[in-house]
Amino acid sequence: LFKGVFKTDDIEILEAGIDGENATAKILNQLPDNYMCFMNVLVTYSGKSEIDTVVVGPSGVFVIEIKNIKGKILADVKNKKWLQKKITGGGKLYQKSFYNPIMQVRTHAYRLNGFLKENGIKTYINPIVYFANEDASVNIENTSEIPVFSFSKNGDILLKEYILNNKQRLSGEKIKAICRLL
């Protein structure tokens, strides 16, 4: 179908991203029925954002940036780039930098907040970063107000608990209004 459009590496990256989003969707589907999950939400406000996942429920609105990469993730919340290190199937060291997902999800939350305000809804957006790959070891220097969960460190449980235990409260009407917009 896309013959010649993508390189093999690009296809593998796209497939890994889809796998991570699907694995995260299975976790989020365990939330109570009064929570709605939206995948791959396109928001336009002061630019465009494709948001991996938006969760809307009684405890608030959550924007989740999902990363499905394996290996050792070395990061500093203040740096624009984070580093992934892993050993390839051929036994060679592979290193790749990638854009700081905390900065990425912060932008997504800003745009979703602006989009909702333009449509008459004022609410706080809770940004989250989730590393979905069980073979990821995430080591982050410095702290951030944005939580980062890793599946390999009970992140699936912590992600659900964070959403369910958030102190924000949304009315049923506000939840319905947000869901209609998404």
# chains A, B, ... in the order shown; residues from 1 in each chain; ligands from 1
$ select_by_dssp --residues "chain A" --states "alpha helix (DSSP H)" --output "PyMOL selection string"
chain A and resi 8-28+101-118+155-164+172-181
$ residues_around --residues "A:Ser150" --least-positions-apart "4" --cutoff "9 Å" --atoms "only C-alpha atoms" --output "ChimeraX atom specification"
/A:129-134,136-138,154-156,158-159
$ residues_around --residues "stretch 92-108 of chain A" --least-positions-apart "4" --cutoff "6 Å" --atoms "only C-alpha atoms" --output "list in words"
Ser49, Glu65, Lys80, Lys81, Trp82, Leu83, Gln84, Lys85, Lys86, Ile87, Thr88 and Pro127 of chain A
$ closest_atom_pairs --of "stretch 66-142 of chain A" --to "stretch 160-174 of chain A" --cutoff "10 Å" --atoms "only C-alpha atoms" --output "CSV"
residue,atom,partner,partner_atom,distance
A:Ile121,CA,A:Lys174,CA,7.7
A:Lys122,CA,A:Lys174,CA,9.3
A:Thr123,CA,A:Leu170,CA,8.5
A:Tyr124,CA,A:Gln168,CA,8.3
A:Ile125,CA,A:Gln168,CA,10.0
A:Asn126,CA,A:Ile163,CA,9.0
A:Ile128,CA,A:Tyr162,CA,9.5
$ residues_around --residues "A:Gly47" --least-positions-apart "2" --cutoff "12 Å" --atoms "only C-alpha atoms" --output "list in words"
Leu42, Val43, Thr44, Tyr45, Ser49, Glu50, Thr107, His108, Tyr110, Arg111, Leu112, Gly114 and Phe115 of chain A
$ closest_residue --among "A:Ile51, A:Phe62, A:Val77, A:Val41" --to "A:Thr143" --atoms "only C-alpha atoms"
A:Val77
$ atom_distance --atom1 "atom CA of A:Leu31" --atom2 "atom CA of A:Val148"
18.9 Å
$ select_by_dssp --residues "stretch 19-121 of chain A" --states "strand (DSSP E or B)" --output "PyMOL selection string"
chain A and resi 36-44+48-57+60-67+71-76+81-87+93-99
$ closest_residue --among "A:Leu74, A:Ala23, A:Ile146, A:Ile140" --to "A:Thr53" --atoms "only C-alpha atoms"
A:Ala23
$ atom_distance --atom1 "atom CA of A:Phe149" --atom2 "atom CA of A:Pro58"
21.3 Å
